[in-house]
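Below: final.pdb (PDB, C-alpha atoms)
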```pdb
ATOM      1  CA  MET A 291     -15.435  35.297 -10.364
ATOM      2  CA  ARG A 292     -16.653  32.572  -8.009
ATOM      3  CA  ALA A 293     -18.193  29.462  -9.550
ATOM      4  CA  PRO A 294     -21.788  28.668  -8.615
ATOM      5  CA  ALA A 295     -22.310  26.451  -5.549
ATOM      6  CA  ALA A 296     -23.782  23.684  -7.671
ATOM      7  CA  GLU A 297     -20.442  23.347  -9.456
ATOM      8  CA  ASP A 298     -18.507  23.433  -6.176
ATOM      9  CA  THR A 299     -20.263  20.475  -4.618
ATOM     10  CA  PRO A 300     -18.959  17.635  -6.835
ATOM     11  CA  SER A 301     -15.318  18.719  -6.592
ATOM     12  CA  ALA A 302     -15.683  19.270  -2.830
ATOM     13  CA  ASN A 303     -17.124  15.772  -2.557
ATOM     14  CA  LEU A 304     -14.275  14.454  -4.659
ATOM     15  CA  VAL A 305     -11.716  16.016  -2.319
ATOM     16  CA  LEU A 306     -13.555  14.569   0.688
ATOM     17  CA  LEU A 307     -13.692  11.174  -0.999
ATOM     18  CA  CYS A 308      -9.950  11.214  -1.663
ATOM     19  CA  LEU A 309      -9.223  12.372   1.886
ATOM     20  CA  ALA A 310     -11.418   9.642   3.365
ATOM     21  CA  SER A 311      -9.796   7.089   1.089
ATOM     22  CA  TRP A 312      -6.360   8.179   2.269
ATOM     23  CA  VAL A 313      -7.207   8.351   6.004
ATOM     24  CA  ILE A 314      -8.961   4.962   6.119
ATOM     25  CA  PRO A 315      -7.846   2.476   3.449
ATOM     26  CA  GLY A 316     -10.871   1.386   1.414
ATOM     27  CA  ALA A 317     -13.164   4.147   2.717
ATOM     28  CA  GLY A 318     -13.418   5.711  -0.734
ATOM     29  CA  HIS A 319     -14.582   2.442  -2.257
ATOM     30  CA  PHE A 320     -17.104   1.957   0.566
ATOM     31  CA  TRP A 321     -18.377   5.475  -0.154
ATOM     32  CA  LEU A 322     -18.811   4.585  -3.832
ATOM     33  CA  GLY A 323     -20.707   1.396  -2.981
ATOM     34  CA  ARG A 324     -17.866  -0.968  -3.820
ATOM     35  CA  ARG A 325     -17.968  -2.687  -0.470
ATOM     36  CA  ASN A 326     -16.013  -5.821  -1.330
ATOM     37  CA  LYS A 327     -13.105  -3.823  -2.698
ATOM     38  CA  GLY A 328     -13.222  -1.474   0.286
ATOM     39  CA  LEU A 329     -13.234  -4.393   2.701
ATOM     40  CA  ILE A 330     -10.224  -6.005   1.025
ATOM     41  CA  PHE A 331      -8.253  -2.732   1.139
ATOM     42  CA  LEU A 332      -9.301  -2.133   4.745
ATOM     43  CA  ALA A 333      -8.030  -5.567   5.759
ATOM     44  CA  ALA A 334      -4.956  -5.916   3.539
ATOM     45  CA  LEU A 335      -3.252  -2.519   3.725
ATOM     46  CA  PRO A 336      -3.194  -1.967   7.511
ATOM     47  CA  ALA A 337      -2.203  -5.655   7.882
ATOM     48  CA  MET A 338       0.713  -5.114   5.529
ATOM     49  CA  PHE A 339       1.706  -1.985   7.458
ATOM     50  CA  ALA A 340       1.448  -3.854  10.779
ATOM     51  CA  ILE A 341       3.657  -6.658   9.443
ATOM     52  CA  GLY A 342       6.206  -3.988   8.501
ATOM     53  CA  LEU A 343       6.187  -2.766  12.099
ATOM     54  CA  VAL A 344       6.471  -6.311  13.479
ATOM     55  CA  LEU A 345       9.488  -6.829  11.204
ATOM     56  CA  ARG A 346      11.099  -3.848  12.967
ATOM     57  CA  GLY A 347      10.802  -1.480  10.051
ATOM     58  CA  ARG A 348      11.183   2.230  10.595
ATOM     59  CA  LEU A 349       8.746   5.092  10.108
ATOM     60  CA  PHE A 350      11.163   7.495   8.477
ATOM     61  CA  PRO A 351      11.351  11.124   9.634
ATOM     62  CA  PHE A 352      10.766  14.055   7.309
ATOM     63  CA  ASP A 353      14.434  14.894   6.931
ATOM     64  CA  LEU A 354      14.690  17.453   4.139
ATOM     65  CA  SER A 355      18.484  17.192   4.104
ATOM     66  CA  ASP A 356      18.162  13.619   2.849
ATOM     67  CA  PRO A 357      15.747  13.467  -0.114
ATOM     68  CA  LEU A 358      15.527   9.660  -0.174
ATOM     69  CA  VAL A 359      14.595   9.486   3.511
ATOM     70  CA  CYS A 360      12.044  12.229   2.901
ATOM     71  CA  LEU A 361      10.511  10.234   0.036
ATOM     72  CA  GLU A 362      10.337   7.146   2.246
ATOM     73  CA  ALA A 363       8.621   9.233   4.938
ATOM     74  CA  LEU A 364       6.065  10.414   2.370
ATOM     75  CA  ALA A 365       5.451   6.824   1.269
ATOM     76  CA  ASP A 366       4.999   5.738   4.908
ATOM     77  CA  LEU A 367       2.501   8.541   5.411
ATOM     78  CA  GLY A 368       0.493   7.213   2.458
ATOM     79  CA  ILE A 369      -1.233   4.693   4.731
ATOM     80  CA  GLY A 370      -3.153   7.529   6.444
ATOM     81  CA  ALA A 371      -4.534   7.237   9.991
ATOM     82  CA  THR A 372      -2.703   3.968  10.627
ATOM     83  CA  TYR A 373       0.572   5.895  10.380
ATOM     84  CA  PHE A 374      -0.470   8.344  13.101
ATOM     85  CA  VAL A 375      -1.778   5.561  15.368
ATOM     86  CA  ALA A 376       1.507   3.672  15.004
ATOM     87  CA  ALA A 377       3.539   6.821  15.641
ATOM     88  CA  ALA A 378       1.419   7.709  18.692
ATOM     89  CA  LEU A 379       1.964   4.215  20.107
ATOM     90  CA  GLY A 380       5.713   4.617  19.685
ATOM     91  CA  SER A 381       5.970   1.925  16.994
ATOM     92  CA  GLY A 382       8.179   2.179  13.957
ATOM     93  CA  THR A 383      11.365   3.233  15.684
ATOM     94  CA  GLY A 384      13.145   0.643  13.558
ATOM     95  CA  ASP A 385      15.991  -1.634  14.547
ATOM     96  CA  VAL A 386      18.732  -1.506  11.955
ATOM     97  CA  ARG A 387      20.429  -4.514  13.606
ATOM     98  CA  ALA A 388      17.383  -6.716  13.006
ATOM     99  CA  VAL A 389      17.701  -9.170  10.117
ATOM    100  CA  THR A 390      14.209  -8.205   8.989
ATOM    101  CA  TYR A 391      14.778  -4.411   9.095
ATOM    102  CA  GLU A 392      14.860  -3.925   5.313
ATOM    103  CA  TYR A 393      11.912  -6.250   4.819
ATOM    104  CA  GLY A 394       9.981  -4.209   7.380
ATOM    105  CA  ASN A 395      10.778  -0.990   5.537
ATOM    106  CA  ALA A 396       9.652  -2.533   2.249
ATOM    107  CA  PHE A 397       6.314  -3.566   3.799
ATOM    108  CA  LEU A 398       5.773  -0.107   5.368
ATOM    109  CA  VAL A 399       6.664   1.871   2.256
ATOM    110  CA  VAL A 400       4.743  -0.324  -0.171
ATOM    111  CA  ALA A 401       1.635  -0.406   2.066
ATOM    112  CA  GLY A 402       1.610   3.411   1.961
ATOM    113  CA  LEU A 403       2.142   3.530  -1.794
ATOM    114  CA  LEU A 404      -0.584   0.950  -2.427
ATOM    115  CA  ASN A 405      -2.993   3.006  -0.334
ATOM    116  CA  LEU A 406      -2.192   6.044  -2.486
ATOM    117  CA  LEU A 407      -2.971   3.861  -5.505
ATOM    118  CA  THR A 408      -6.384   3.032  -4.023
ATOM    119  CA  VAL A 409      -6.990   6.787  -3.559
ATOM    120  CA  ILE A 410      -6.306   7.325  -7.269
ATOM    121  CA  ASP A 411      -8.557   4.372  -8.126
ATOM    122  CA  ALA A 412     -11.413   5.771  -5.991
ATOM    123  CA  HIS A 413     -10.917   9.139  -7.695
ATOM    124  CA  ASP A 414     -11.152   7.520 -11.148
ATOM    125  CA  VAL A 415     -14.244   5.512 -10.177
ATOM    126  CA  ALA A 416     -15.919   8.672  -8.850
ATOM    127  CA  LEU A 417     -15.235  10.444 -12.147
ATOM    128  CA  GLY A 418     -16.697   7.517 -14.110
ATOM    129  CA  ARG A 419     -13.414   6.640 -15.759
ATOM    130  CA  LYS A 420     -13.695   3.023 -14.578
TER     131      LYS A 420
ATOM    132  CA  MET B   7       9.726 -14.638  10.634
ATOM    133  CA  ARG B   8      13.197 -14.756   9.167
ATOM    134  CA  SER B   9      12.571 -16.942   6.159
ATOM    135  CA  HIS B  10      13.331 -15.000   2.979
ATOM    136  CA  ILE B  11      10.932 -17.058   0.890
ATOM    137  CA  LEU B  12       8.112 -16.690   3.439
ATOM    138  CA  LEU B  13       8.532 -12.911   3.639
ATOM    139  CA  LEU B  14       8.822 -12.692  -0.136
ATOM    140  CA  SER B  15       5.642 -14.766  -0.533
ATOM    141  CA  LEU B  16       3.781 -12.630   2.016
ATOM    142  CA  PHE B  17       4.862  -9.435   0.278
ATOM    143  CA  ALA B  18       3.934 -10.827  -3.157
ATOM    144  CA  PHE B  19       0.548 -11.952  -1.809
ATOM    145  CA  PHE B  20      -0.409  -8.492  -0.526
ATOM    146  CA  VAL B  21       0.816  -6.636  -3.592
ATOM    147  CA  SER B  22      -0.886  -9.101  -5.973
ATOM    148  CA  LEU B  23      -4.121  -8.914  -3.984
ATOM    149  CA  VAL B  24      -4.303  -5.111  -4.085
ATOM    150  CA  PHE B  25      -3.257  -4.876  -7.751
ATOM    151  CA  ALA B  26      -5.810  -7.504  -8.785
ATOM    152  CA  VAL B  27      -8.641  -5.853  -6.842
ATOM    153  CA  ILE B  28      -7.782  -2.449  -8.323
ATOM    154  CA  ALA B  29      -7.366  -3.687 -11.897
ATOM    155  CA  LYS B  30     -10.338  -6.051 -12.208
ATOM    156  CA  ASP B  31     -13.977  -5.877 -11.127
ATOM    157  CA  ASP B  32     -15.126  -9.466 -11.558
ATOM    158  CA  PRO B  33     -14.076 -11.791  -8.678
ATOM    159  CA  ARG B  34     -13.046 -14.545 -11.092
ATOM    160  CA  GLU B  35     -10.883 -12.175 -13.100
ATOM    161  CA  GLN B  36      -9.431 -10.810  -9.854
ATOM    162  CA  ALA B  37      -8.501 -14.326  -8.722
ATOM    163  CA  ARG B  38      -6.986 -15.178 -12.103
ATOM    164  CA  PHE B  39      -5.030 -11.933 -12.427
ATOM    165  CA  GLY B  40      -3.942 -12.021  -8.769
ATOM    166  CA  GLY B  41      -2.750 -15.614  -9.148
ATOM    167  CA  LEU B  42      -0.791 -14.732 -12.258
ATOM    168  CA  LEU B  43       0.818 -11.756 -10.527
ATOM    169  CA  PHE B  44       1.666 -13.815  -7.454
ATOM    170  CA  ALA B  45       3.212 -16.574  -9.564
ATOM    171  CA  GLY B  46       5.080 -13.945 -11.588
ATOM    172  CA  PHE B  47       6.512 -12.314  -8.462
ATOM    173  CA  LEU B  48       7.623 -15.632  -6.968
ATOM    174  CA  GLY B  49       8.909 -17.045 -10.245
ATOM    175  CA  SER B  50      10.904 -13.958 -11.181
ATOM    176  CA  ALA B  51      12.397 -13.700  -7.671
ATOM    177  CA  ILE B  52      13.498 -17.339  -7.761
ATOM    178  CA  VAL B  53      14.920 -17.022 -11.286
ATOM    179  CA  LEU B  54      16.749 -13.781 -10.404
ATOM    180  CA  GLY B  55      18.024 -15.388  -7.205
ATOM    181  CA  TRP B  56      19.547 -18.281  -9.160
ATOM    182  CA  LEU B  57      20.952 -15.912 -11.797
ATOM    183  CA  MET B  58      22.723 -13.983  -9.024
ATOM    184  CA  TYR B  59      23.938 -17.166  -7.321
ATOM    185  CA  PRO B  60      27.351 -17.211  -9.105
ATOM    186  CA  PHE B  61      27.953 -13.582  -8.080
ATOM    187  CA  PRO B  62      27.657 -13.467  -4.289
ATOM    188  CA  ARG B  63      29.258 -10.004  -4.034
TER     189      ARG B  63
END
```

Written as C-alpha coordinates, how would this file's structure read?
Amino acid sequence: MRAPAAEDTPSANLVLLCLASWVIPGAGHFWLGRRNKGLIFLAALPAMFAIGLVLRGRLFPFDLSDPLVCLEALADLGIGATYFVAAALGSGTGDVRAVTYEYGNAFLVVAGLLNLLTVIDAHDVALGRK
Amino acid sequence: MRSHILLLSLFAFFVSLVFAVIAKDDPREQARFGGLLFAGFLGSAIVLGWLMYPFPR
(Lines of atoms letter the chains of each structure in order from A and count residues from 1; the text may use other names and numbers.)
(Lines give C-alpha, C1' and ligand atoms only; values in the text may rest on other atoms or scores of the structure.)
Protein backbone atom coordinates (compact mmCIF):
# COMPACT_ATOMS: atom_id res chain seq x y z
CA MET A 1 0.00 0.00 0.00
CA ARG A 2 1.34 3.44 -0.93
CA ALA A 3 1.97 5.91 1.89
CA PRO A 4 0.03 9.17 1.79
CA ALA A 5 1.67 12.08 -0.07
CA ALA A 6 2.02 14.07 3.13
CA GLU A 7 4.35 11.39 4.48
CA ASP A 8 6.32 11.24 1.22
CA THR A 9 7.27 14.89 1.18
CA PRO A 10 9.67 15.03 4.16
CA SER A 11 11.67 11.98 3.06
CA ALA A 12 11.74 13.25 -0.54
CA ASN A 13 13.03 16.57 0.76
CA LEU A 14 15.59 14.74 2.85
CA VAL A 15 16.87 12.87 -0.21
CA LEU A 16 17.03 16.14 -2.16
CA LEU A 17 18.85 17.80 0.73
CA CYS A 18 21.44 15.02 0.87
CA LEU A 19 21.86 15.09 -2.91
CA ALA A 20 22.32 18.86 -2.92
CA SER A 21 24.77 18.58 -0.04
CA TRP A 22 26.78 16.01 -1.96
CA VAL A 23 26.74 17.84 -5.33
CA ILE A 24 27.70 21.24 -3.89
CA PRO A 25 29.66 21.11 -0.62
CA GLY A 26 27.78 23.10 2.04
CA ALA A 27 24.54 23.34 0.04
CA GLY A 28 22.68 21.23 2.60
CA HIS A 29 23.70 23.56 5.42
CA PHE A 30 22.70 26.60 3.34
CA TRP A 31 19.32 24.93 2.77
CA LEU A 32 18.91 24.44 6.53
CA GLY A 33 19.77 28.08 7.24
CA ARG A 34 23.25 27.38 8.59
CA ARG A 35 24.92 29.79 6.22
CA ASN A 36 28.25 30.18 8.00
CA LYS A 37 28.81 26.44 8.10
CA GLY A 38 27.73 26.10 4.47
CA LEU A 39 30.09 28.88 3.42
CA ILE A 40 33.04 27.28 5.22
CA PHE A 41 32.35 23.89 3.59
CA LEU A 42 31.86 25.53 0.19
CA ALA A 43 35.23 27.26 0.46
CA ALA A 44 37.30 24.61 2.25
CA LEU A 45 36.35 21.35 0.53
CA PRO A 46 36.73 22.34 -3.14
CA ALA A 47 39.94 24.19 -2.15
CA MET A 48 41.28 21.02 -0.57
CA PHE A 49 40.31 19.05 -3.68
CA ALA A 50 41.97 21.64 -5.94
CA ILE A 51 45.17 21.47 -3.89
CA GLY A 52 45.11 17.70 -4.39
CA LEU A 53 44.96 18.25 -8.15
CA VAL A 54 47.75 20.84 -8.05
CA LEU A 55 49.88 18.32 -6.14
CA ARG A 56 49.42 15.96 -9.12
CA GLY A 57 47.11 13.57 -7.35
CA ARG A 58 45.06 11.12 -9.35
CA LEU A 59 41.31 10.74 -9.74
CA PHE A 60 41.19 6.97 -9.49
CA PRO A 61 39.16 4.93 -11.99
CA PHE A 62 36.38 2.58 -10.96
CA ASP A 63 38.44 -0.56 -11.39
CA LEU A 64 36.43 -3.40 -9.88
CA SER A 65 39.37 -5.79 -10.21
CA ASP A 66 41.25 -3.74 -7.62
CA PRO A 67 39.03 -3.11 -4.57
CA LEU A 68 41.36 -0.53 -2.99
CA VAL A 69 41.47 1.56 -6.17
CA CYS A 70 37.70 1.28 -6.38
CA LEU A 71 37.35 2.54 -2.79
CA GLU A 72 39.66 5.46 -3.57
CA ALA A 73 37.54 6.26 -6.64
CA LEU A 74 34.42 6.27 -4.45
CA ALA A 75 36.12 8.59 -1.96
CA ASP A 76 37.18 10.93 -4.79
CA LEU A 77 33.60 10.98 -6.05
CA GLY A 78 32.46 12.10 -2.59
CA ILE A 79 33.27 15.72 -3.46
CA GLY A 80 30.33 15.81 -5.90
CA ALA A 81 30.17 18.23 -8.85
CA THR A 82 33.77 19.34 -8.37
CA TYR A 83 34.85 15.81 -9.30
CA PHE A 84 32.99 15.93 -12.62
CA VAL A 85 34.28 19.43 -13.43
CA ALA A 86 37.85 18.31 -12.76
CA ALA A 87 37.39 15.15 -14.82
CA ALA A 88 35.82 17.13 -17.70
CA LEU A 89 38.78 19.53 -17.68
CA GLY A 90 41.17 16.60 -17.91
CA SER A 91 42.63 17.17 -14.43
CA GLY A 92 43.52 14.41 -12.03
CA THR A 93 45.47 12.23 -14.41
CA GLY A 94 48.08 11.92 -11.67
CA ASP A 95 51.84 11.84 -12.02
CA VAL A 96 53.28 8.96 -10.05
CA ARG A 97 56.80 10.37 -10.58
CA ALA A 98 55.91 13.61 -8.79
CA VAL A 99 57.22 13.91 -5.23
CA THR A 100 53.82 15.22 -4.16
CA TYR A 101 51.77 12.43 -5.82
CA GLU A 102 50.81 10.68 -2.57
CA TYR A 103 50.09 13.97 -0.85
CA GLY A 104 47.81 14.89 -3.75
CA ASN A 105 45.94 11.61 -3.43
CA ALA A 106 45.52 12.15 0.31
CA PHE A 107 44.04 15.62 -0.29
CA LEU A 108 41.67 14.34 -3.01
CA VAL A 109 40.44 11.32 -1.06
CA VAL A 110 40.03 13.13 2.25
CA ALA A 111 38.23 16.10 0.62
CA GLY A 112 35.68 13.62 -0.78
CA LEU A 113 35.30 11.80 2.53
CA LEU A 114 34.88 15.06 4.45
CA ASN A 115 32.16 16.12 2.03
CA LEU A 116 30.35 12.84 2.70
CA LEU A 117 30.65 13.66 6.41
CA THR A 118 28.98 17.03 5.80
CA VAL A 119 26.15 15.19 3.97
CA ILE A 120 25.61 13.02 7.06
CA ASP A 121 25.75 16.11 9.27
CA ALA A 122 23.14 17.92 7.13
CA HIS A 123 20.97 14.79 7.30
CA ASP A 124 21.22 14.72 11.11
CA VAL A 125 20.46 18.44 11.39
CA ALA A 126 17.41 18.02 9.14
CA LEU A 127 16.13 15.21 11.37
CA GLY A 128 16.62 17.35 14.49
CA ARG A 129 19.29 15.11 15.93
CA LYS A 130 21.68 18.06 16.31
CA MET B 1 55.07 22.97 -2.58
CA ARG B 2 57.42 20.18 -1.62
CA SER B 3 57.84 20.90 2.05
CA HIS B 4 56.53 17.98 4.10
CA ILE B 5 55.74 20.14 7.10
CA LEU B 6 53.91 22.73 4.98
CA LEU B 7 51.77 20.09 3.26
CA LEU B 8 51.14 18.37 6.58
CA SER B 9 50.10 21.69 8.14
CA LEU B 10 47.81 22.51 5.21
CA PHE B 11 46.18 19.08 5.41
CA ALA B 12 45.78 19.34 9.20
CA PHE B 13 44.29 22.83 8.82
CA PHE B 14 41.56 21.72 6.41
CA VAL B 15 40.67 18.58 8.33
CA SER B 16 40.60 20.43 11.67
CA LEU B 17 38.48 23.21 10.18
CA VAL B 18 35.83 20.85 8.80
CA PHE B 19 35.77 18.65 11.92
CA ALA B 20 35.43 21.67 14.21
CA VAL B 21 32.64 23.23 12.13
CA ILE B 22 30.76 19.91 12.04
CA ALA B 23 31.21 19.12 15.73
CA LYS B 24 30.53 22.52 17.31
CA ASP B 25 27.96 25.25 16.70
CA ASP B 26 29.40 28.17 18.64
CA PRO B 27 32.22 30.02 16.80
CA ARG B 28 34.34 30.22 19.96
CA GLU B 29 33.99 26.50 20.60
CA GLN B 30 34.76 25.84 16.92
CA ALA B 31 37.96 27.90 17.16
CA ARG B 32 39.00 26.18 20.39
CA PHE B 33 38.24 22.66 19.17
CA GLY B 34 39.77 23.33 15.74
CA GLY B 35 42.93 24.71 17.35
CA LEU B 36 43.20 21.68 19.60
CA LEU B 37 42.75 19.32 16.66
CA PHE B 38 45.29 21.21 14.56
CA ALA B 39 47.84 21.17 17.38
CA GLY B 40 47.10 17.48 17.97
CA PHE B 41 47.66 16.62 14.30
CA LEU B 42 50.93 18.56 14.11
CA GLY B 43 52.19 17.40 17.49
CA SER B 44 51.45 13.73 16.89
CA ALA B 45 53.02 13.85 13.41
CA ILE B 46 56.20 15.42 14.78
CA VAL B 47 56.38 12.97 17.70
CA LEU B 48 55.75 9.98 15.40
CA GLY B 49 58.33 11.33 12.96
CA TRP B 50 60.98 11.45 15.69
CA LEU B 51 59.96 8.02 16.99
CA MET B 52 60.50 6.61 13.49
CA TYR B 53 63.80 8.47 13.04
CA PRO B 54 65.99 5.55 14.27
CA PHE B 55 64.24 3.18 11.84
CA PRO B 56 64.65 4.70 8.37
CA ARG B 57 63.59 1.49 6.58

Set the distance at 8 Å and use all atoms listed in the file: which residues neighbour A:Ala416 once local chain neighbours fewer than 3 positions away are removed? I'd like the list as a VMD selection string. chain A and resid 304 322 412 to 413 419

For a test of reading the model, state the distance in Å between atom CA of B:Ile28 and atom CA of A:Ile369, rounded to one decimal. 16.3 Å

Using the chain letters and numbers from the file, which residues does the PyMOL selection byres ((chain B) within 8 of (chain A)) grab, as number ranges by chain? B: 7-8, 13, 17, 20-21, 24, 27-28

To verify the selection step, state as a PyMOL selection string which residues the PyMOL selection byres ((chain A and resi 307) around 10) yields on this input. chain A and resi 301-306+308-313+317-322+409+412-413+416

Spatial neighbours of B:Leu14, 10 Å, all atoms listed in the file, chain gap at least 5 places, as a list in words: Tyr393 of chain A; Ser9, Phe19, Phe47, Leu48 and Ala51 of chain B

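Between atom CA of B:Met58 and atom CA of B:Leu16 the interatomic distance comes to 22.0 Å.
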
Just how far from atom CA of A:Gly402 is atom CA of A:Gly384, in Å to one decimal?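 For atom CA of A:Gly384 relative to atom CA of A:Gly402, the distance reads 16.6 Å.
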
A:Gly382: which residues within 12 Å, counting only C-alpha atoms, same-chain residues fewer than 3 positions away excluded, as number ranges by chain? A: 339-351, 363, 366, 372-379, 385-386, 391, 394-395, 397-399

Would you put the residues from that selection into a file with C-alpha atoms, as a short mmCIF file (atom, residue, chain, number, x, y, z; two decimals), in the frame of the given file?
```
data_model
loop_
_atom_site.label_atom_id
_atom_site.label_comp_id
_atom_site.auth_asym_id
_atom_site.auth_seq_id
_atom_site.Cartn_x
_atom_site.Cartn_y
_atom_site.Cartn_z
CA PHE A 339 1.71 -1.98 7.46
CA ALA A 340 1.45 -3.85 10.78
CA ILE A 341 3.66 -6.66 9.44
CA GLY A 342 6.21 -3.99 8.50
CA LEU A 343 6.19 -2.77 12.10
CA VAL A 344 6.47 -6.31 13.48
CA LEU A 345 9.49 -6.83 11.20
CA ARG A 346 11.10 -3.85 12.97
CA GLY A 347 10.80 -1.48 10.05
CA ARG A 348 11.18 2.23 10.60
CA LEU A 349 8.75 5.09 10.11
CA PHE A 350 11.16 7.50 8.48
CA PRO A 351 11.35 11.12 9.63
CA ALA A 363 8.62 9.23 4.94
CA ASP A 366 5.00 5.74 4.91
CA THR A 372 -2.70 3.97 10.63
CA TYR A 373 0.57 5.90 10.38
CA PHE A 374 -0.47 8.34 13.10
CA VAL A 375 -1.78 5.56 15.37
CA ALA A 376 1.51 3.67 15.00
CA ALA A 377 3.54 6.82 15.64
CA ALA A 378 1.42 7.71 18.69
CA LEU A 379 1.96 4.22 20.11
CA ASP A 385 15.99 -1.63 14.55
CA VAL A 386 18.73 -1.51 11.96
CA TYR A 391 14.78 -4.41 9.10
CA GLY A 394 9.98 -4.21 7.38
CA ASN A 395 10.78 -0.99 5.54
CA PHE A 397 6.31 -3.57 3.80
CA LEU A 398 5.77 -0.11 5.37
CA VAL A 399 6.66 1.87 2.26
#
```

Padding 5 Å on each side, edges along x, y and z: where is the centre of the box around the listed atoms of stretch 317-325 of chain A, and how long are its edges in Å to one decimal? Output it as JSON.
```
{"center_x": -16.9, "center_y": 1.5, "center_z": -0.6, "size_x": 17.5, "size_y": 18.4, "size_z": 16.5}
```
